[in-house]
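Data first, discussion second: the structure below is written as structure tokens.
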Amino acid sequence: MDWFPVALSLRVALLATVATVIVGVPLAWLLARRRFPGRDLISATLLTPLVLPPTVLGYYLLMTIGRRGPIGRLLEARGIELAFTWRAAVLAAAVGSFALLIKTAQAGFESIDKRLEQAAQTLGHSDWSIFWTVSVPLAWRSILAGTVLAFCKALGDFGITLMVAGDIPGRTQTLPLAIYDHVQSNQLAQANTLALISVGFVVVLMLALGRVARLRY
Amino acid sequence: MLSIAIRKRFGDFTLDAEWTSRQPIVALVGPSGSGKTLTLQCIAGLVSPDTGRIVCADRELFDGQQRINVRPQQRRIGYVFQGYALFPHMTVRQNIDYGRRGRVRPAFPVLERLGLGSLESRYPSELSGGEQQRVALARALATDPDLLLLDEPLSALDAPLRRQLCTELSQTLREWGKMAVLVTHDLSEAYQIADVVVLCEGGRTTEAVPKNDLLWNPSSERVARLIGARNILRGTIAETKSESVIVEWRGVRLEAAQSPSHDLHARTGDELAFFVRPEYVRLIRKNRTVSENLRQTNLFRGDIVGERDEGTTWVLFFRLATPGEPFQVNYDLEIEIPKLVYERLGVATDRQWDVSIHPGSIQILPSH
């Protein structure tokens, strides 16, 4: 039994989630609390990964980061290869999952009584300080829920990963891709084990989430 | 001194607030949706007016023309929000210290003064409404602001507690001694706490008026309606004397004392508005002699056509025996008497009465 896909998937999903949280939580706060030009456009664009076919997303991503794409060319000039590496799998997982985090966290921020943040303003705190001392502590359950959802989604990405990272055993073959390959080559026992592992991860995470959500602030 | 002259449009609603107060405690009074909270938000800098000027204690906080707009963090204004807006994830102590970071401990010891010492480690959800109010007040005062804004600080409390905390709040504000703006829909609350009152209605405001003038000498019919005056009546001037004026109303001649502060720029024959406080109309005992009755001024006869039991008082709806042109729907005058008087006089069965109004309790409303 080859455990590489499991380890790779965990690493990819973890890194993708960390990146998503770092970019996504502040963006969710901005969308919830600020009116700025382009806000509606960003909000709409964010939802596309949830509804577009993964292959379409993967196609555009590949066109961007591939050798001939604008970003791919830039990276190649610096000697960095992105397409068809495990890093591309991270990117794919992040693209496929960040909408879940942002939408959940945004709803969390929006449900905070605006007067709390206004009170903090009159008490002399900067926006940055208010974000950390009031908004995040009060929305943390939504942020956590979004993070777990995004992690589970990242763990299971298939289409985008296949398009941009390929399915190279021992290099970019993540868990879902490995299951597909096992089924294709009629190795049902292996496919079954990996599928159970996937289900196990998600169930454990969801149970833990339900527990934490019952805590107070 | 606090001086406001601002305009702010919000869809269909336009706030047009303009008033100045040299007195320390101002109350903004008006129904919900009249722009009171929006005015506070503009003063605090949480909402920027479209145009205008806000000056507090010689500090320019906002000036639309000179593009001055001090950030809320720098305005040195304490804000007690409606519903208190305490941070639910912080203890009482943390709530109060939240605004104190990096600032000098103020001269006003809030925790001790407001008796919150024993509650320090509780969370807001573990406090009663009155305690929450005190924490909100302490939190706002802890930053040693120049001006305190209070948005309906008592409306979340039930009636007995509200009365007690009203007195407490009034004392705390006096001891603290700086300027405060109180928003309330309850005129009696404003009267107990504030020095001057600004009335708000549909986004517009009156000038800041000393509270006694407002209640006892309202400057116009509009103001009288806003303070909820009943028996706002119209008559014509029959005669003007030095101390009083004779008004003809529904065929009755009423003598009214001249207002000490507002000059009545009206002549005989002019129409004018006035009001009579229902609790100042007297029912005359039946067993008095005619000569005693002759000494009563503004005496007239009529019937009680309706009544309402308000618990400790009764409101009677009185119709003149010989009415002129009708212009109140079913009755001419509202009379309010204590329940005790109602029972002693046997008003329940006896419906025809002579009533008298003291000239001093008929208030002429300047027409401008």
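In the structure tokens, the first chain shown is A, the next is B, and so on; residue numbers restart at 1 for each chain, and ligands run from 1 in the order shown.
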What are the nearest atom pairs, with distances in Å to one decimal, for all residues of chain A that come at most 8 Å from chain B, using only C-alpha atoms, set out by chain and rising residue number as a Markdown table?
```
| residue | atom | partner | partner_atom | distance |
| --- | --- | --- | --- | --- |
| A:Asp113 | CA | B:Ala85 | CA | 7.8 |
| A:Arg115 | CA | B:Ala85 | CA | 5.9 |
| A:Leu116 | CA | B:Ala85 | CA | 5.3 |
| A:Gln118 | CA | B:Leu46 | CA | 6.9 |
| A:Ala119 | CA | B:Tyr79 | CA | 6.9 |
| A:Ala120 | CA | B:Gly99 | CA | 7.4 |
| A:Gln121 | CA | B:Gln73 | CA | 5.5 |
| A:Thr122 | CA | B:Gln73 | CA | 5.3 |
| A:Leu123 | CA | B:Gly99 | CA | 4.5 |
| A:Gly124 | CA | B:Gln73 | CA | 4.0 |
| A:His125 | CA | B:Gln73 | CA | 6.3 |
| A:Ser126 | CA | B:Gln73 | CA | 7.3 |
| A:Val134 | CA | B:Phe87 | CA | 7.5 |
| A:Pro137 | CA | B:His89 | CA | 7.4 |
| A:Leu138 | CA | B:His89 | CA | 7.2 |
| A:Tyr217 | CA | B:His89 | CA | 5.6 |
```
Selected residues, C-alpha atoms, written as a short mmCIF file (atom, residue, chain, number, x, y, z; two decimals), in the first residue's frame, please.
```cif
data_model
loop_
_atom_site.label_atom_id
_atom_site.label_comp_id
_atom_site.auth_asym_id
_atom_site.auth_seq_id
_atom_site.Cartn_x
_atom_site.Cartn_y
_atom_site.Cartn_z
CA ASP A 113 -23.57 44.02 16.08
CA ARG A 115 -22.31 49.04 17.48
CA LEU A 116 -19.60 46.88 19.06
CA GLN A 118 -18.34 51.53 16.62
CA ALA A 119 -17.93 51.45 20.39
CA ALA A 120 -14.35 50.29 19.91
CA GLN A 121 -13.79 53.20 17.54
CA THR A 122 -15.02 55.75 20.05
CA LEU A 123 -12.78 54.07 22.61
CA GLY A 124 -9.80 55.01 20.49
CA HIS A 125 -8.96 51.77 18.72
CA SER A 126 -7.72 51.64 15.13
CA VAL A 134 -13.44 42.60 18.53
CA PRO A 137 -12.91 37.05 18.59
CA LEU A 138 -16.63 37.48 17.97
CA TYR A 217 -16.35 33.08 22.86
#
```
Residue set, segment 116-295 of chain B restricted to strand (DSSP E or B), as a ChimeraX atom specification: /B:147-151,179-184,196-201,204-205,209-210,232-240,244-249,252-257,271-276,281-283
Tell me which protein, DNA and RNA residues are within 9 Å of Cys152 of chain A, counting only C-alpha atoms, leaving out same-chain ones fewer than 3 positions away, and put them as a list of chain:residue names.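 Once the adjacent positions are removed, what remains is A:Ala13, A:Ser97, A:Thr147, A:Val148, A:Leu149, A:Leu155, A:Gly156, A:Asp157, A:Phe201, A:Val202, A:Leu205.
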Please, could you write that set of residues out with C-alpha atoms as a CSV table (one decimal), in the first residue's frame?
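So the final result, stored in selection_31.csv, reads:
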```csv
chain,number,residue,atom,x,y,z
A,13,ALA,CA,-4.8,20.8,1.9
A,97,SER,CA,-12.0,26.0,-1.6
A,147,THR,CA,-11.6,26.9,7.7
A,148,VAL,CA,-12.8,23.3,8.3
A,149,LEU,CA,-15.1,23.4,5.3
A,155,LEU,CA,-8.6,17.6,0.6
A,156,GLY,CA,-11.0,16.4,-2.0
A,157,ASP,CA,-10.2,18.5,-5.0
A,201,PHE,CA,-11.0,12.7,8.0
A,202,VAL,CA,-14.1,14.6,7.1
A,205,LEU,CA,-13.3,17.1,11.5
```
Enumerate, as an mmCIF file with C-alpha atoms, in the first residue's frame, the complete set of residues in segment 140-345 of chain B that a backbone-based DSSP assignment places in alpha helix (DSSP H).
```
data_model
loop_
_atom_site.group_PDB
_atom_site.id
_atom_site.type_symbol
_atom_site.label_atom_id
_atom_site.label_comp_id
_atom_site.auth_asym_id
_atom_site.auth_seq_id
_atom_site.Cartn_x
_atom_site.Cartn_y
_atom_site.Cartn_z
ATOM 1 C CA ALA B 140 -17.302 55.508 28.146
ATOM 2 C CA LEU B 141 -16.122 57.666 31.053
ATOM 3 C CA ALA B 159 -40.205 51.039 34.840
ATOM 4 C CA PRO B 160 -39.244 50.895 38.568
ATOM 5 C CA LEU B 161 -35.562 50.399 37.789
ATOM 6 C CA ARG B 162 -35.730 53.102 35.156
ATOM 7 C CA ARG B 163 -36.851 55.676 37.712
ATOM 8 C CA GLN B 164 -34.065 54.728 40.102
ATOM 9 C CA LEU B 165 -31.370 54.711 37.423
ATOM 10 C CA CYS B 166 -32.625 57.989 36.032
ATOM 11 C CA THR B 167 -31.804 59.660 39.342
ATOM 12 C CA GLU B 168 -28.481 57.806 39.534
ATOM 13 C CA LEU B 169 -27.520 58.767 36.000
ATOM 14 C CA SER B 170 -28.395 62.373 36.637
ATOM 15 C CA GLN B 171 -26.175 62.420 39.744
ATOM 16 C CA THR B 172 -23.277 60.702 37.986
ATOM 17 C CA LEU B 173 -23.389 63.200 35.132
ATOM 18 C CA ARG B 174 -23.462 66.148 37.547
ATOM 19 C CA GLU B 175 -20.503 64.788 39.491
ATOM 20 C CA TRP B 176 -18.575 64.074 36.346
ATOM 21 C CA LEU B 187 -39.687 64.004 27.893
ATOM 22 C CA SER B 188 -39.844 63.450 31.646
ATOM 23 C CA GLU B 189 -36.510 61.612 31.519
ATOM 24 C CA ALA B 190 -35.027 64.535 29.610
ATOM 25 C CA TYR B 191 -36.534 66.935 32.111
ATOM 26 C CA GLN B 192 -34.965 65.120 35.064
ATOM 27 C CA ILE B 193 -31.496 64.782 33.593
ATOM 28 C CA LYS B 211 -36.170 72.739 30.008
ATOM 29 C CA ASN B 212 -38.438 74.921 32.132
ATOM 30 C CA ASP B 213 -39.217 77.225 29.231
ATOM 31 C CA LEU B 214 -40.049 74.222 27.131
ATOM 32 C CA LEU B 215 -42.626 72.810 29.503
ATOM 33 C CA TRP B 216 -43.985 75.989 30.990
ATOM 34 C CA GLU B 221 -47.833 75.465 18.659
ATOM 35 C CA ARG B 222 -45.462 72.999 16.988
ATOM 36 C CA VAL B 223 -43.334 72.791 20.121
ATOM 37 C CA ALA B 224 -46.434 72.340 22.253
ATOM 38 C CA ARG B 225 -47.514 69.403 20.062
ATOM 39 C CA LEU B 226 -44.026 67.890 20.219
ATOM 40 C CA VAL B 290 -73.152 81.522 44.030
ATOM 41 C CA SER B 291 -71.081 84.348 45.475
ATOM 42 C CA GLU B 292 -68.144 82.025 46.021
ATOM 43 C CA ASN B 293 -68.495 80.876 42.474
ATOM 44 C CA LEU B 294 -68.476 84.437 41.183
ATOM 45 C CA LYS B 339 -58.725 59.162 41.479
ATOM 46 C CA LEU B 340 -59.370 60.299 45.045
ATOM 47 C CA VAL B 341 -61.047 63.507 43.866
ATOM 48 C CA TYR B 342 -63.028 61.545 41.303
ATOM 49 C CA GLU B 343 -64.447 59.356 44.065
ATOM 50 C CA ARG B 344 -65.039 62.162 46.618
ATOM 51 C CA LEU B 345 -66.955 64.295 44.139
#
```
List as a list in words the protein and nucleic acid residues near Glu255 of chain B, meaning an atom at most 10 Å away when only C-alpha atoms are counted, but skip any in the same chain fewer than 6 places from it.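 The residues satisfying every condition are Ala238, Glu239, Thr240, Lys241, Ser244, Val245, Ile246, Val247, Glu248, Thr297, Asn298, Ile357, His358, Pro359, Gly360 and Ile362 of chain B.
With distances restricted to only C-alpha atoms, A:Ala16 is the closest residue to Ala88 of chain A from A:Ile130, A:Met206, A:Ala16, A:Ile143.
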Could you state the separation of atom CA of Glu110 of chain A and atom CA of Ala32 of chain A in Å, given to one decimal place?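 Atom-to-atom, atom CA of Glu110 of chain A to atom CA of Ala32 of chain A, that is 5.4 Å.
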Write out as a ChimeraX atom specification which residues come within 6 Å of Thr51 of chain B when counting only C-alpha atoms, dropping same-chain ones fewer than 6 positions away. /B:6-7,64
Given the selection you just returned, output its residues as a file containing C-alpha atoms, formatted as an mmCIF file, in the first residue's frame.
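Done, and the output landed in result-v9.cif:
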```cif
data_model
loop_
_atom_site.group_PDB
_atom_site.id
_atom_site.type_symbol
_atom_site.label_atom_id
_atom_site.label_comp_id
_atom_site.auth_asym_id
_atom_site.auth_seq_id
_atom_site.Cartn_x
_atom_site.Cartn_y
_atom_site.Cartn_z
ATOM 1 C CA ILE B 6 -25.280 69.617 9.982
ATOM 2 C CA ARG B 7 -27.103 68.092 7.056
ATOM 3 C CA GLY B 64 -17.618 70.484 5.541
#
```
So that I can check the surroundings of segment 17-28 of chain A, please list as a PyMOL selection string every protein, DNA and RNA residue that reaches within 9 Å of it, counting only C-alpha atoms and ignoring chain neighbours fewer than 4 positions away. chain A and resi 12-13+32-33+90+93-95+97-99+101-107+109+131+136+143+146-148+150-151+154
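If you measure from each of A:Val6, A:Ile42, A:Leu57, A:Leu82 to Ala191 of chain A using only C-alpha atoms, the closest one turns out to be A:Val6.
When atom CA of Gly38 of chain A is paired with atom CA of Gly72 of chain A, their separation reads 26.6 Å.
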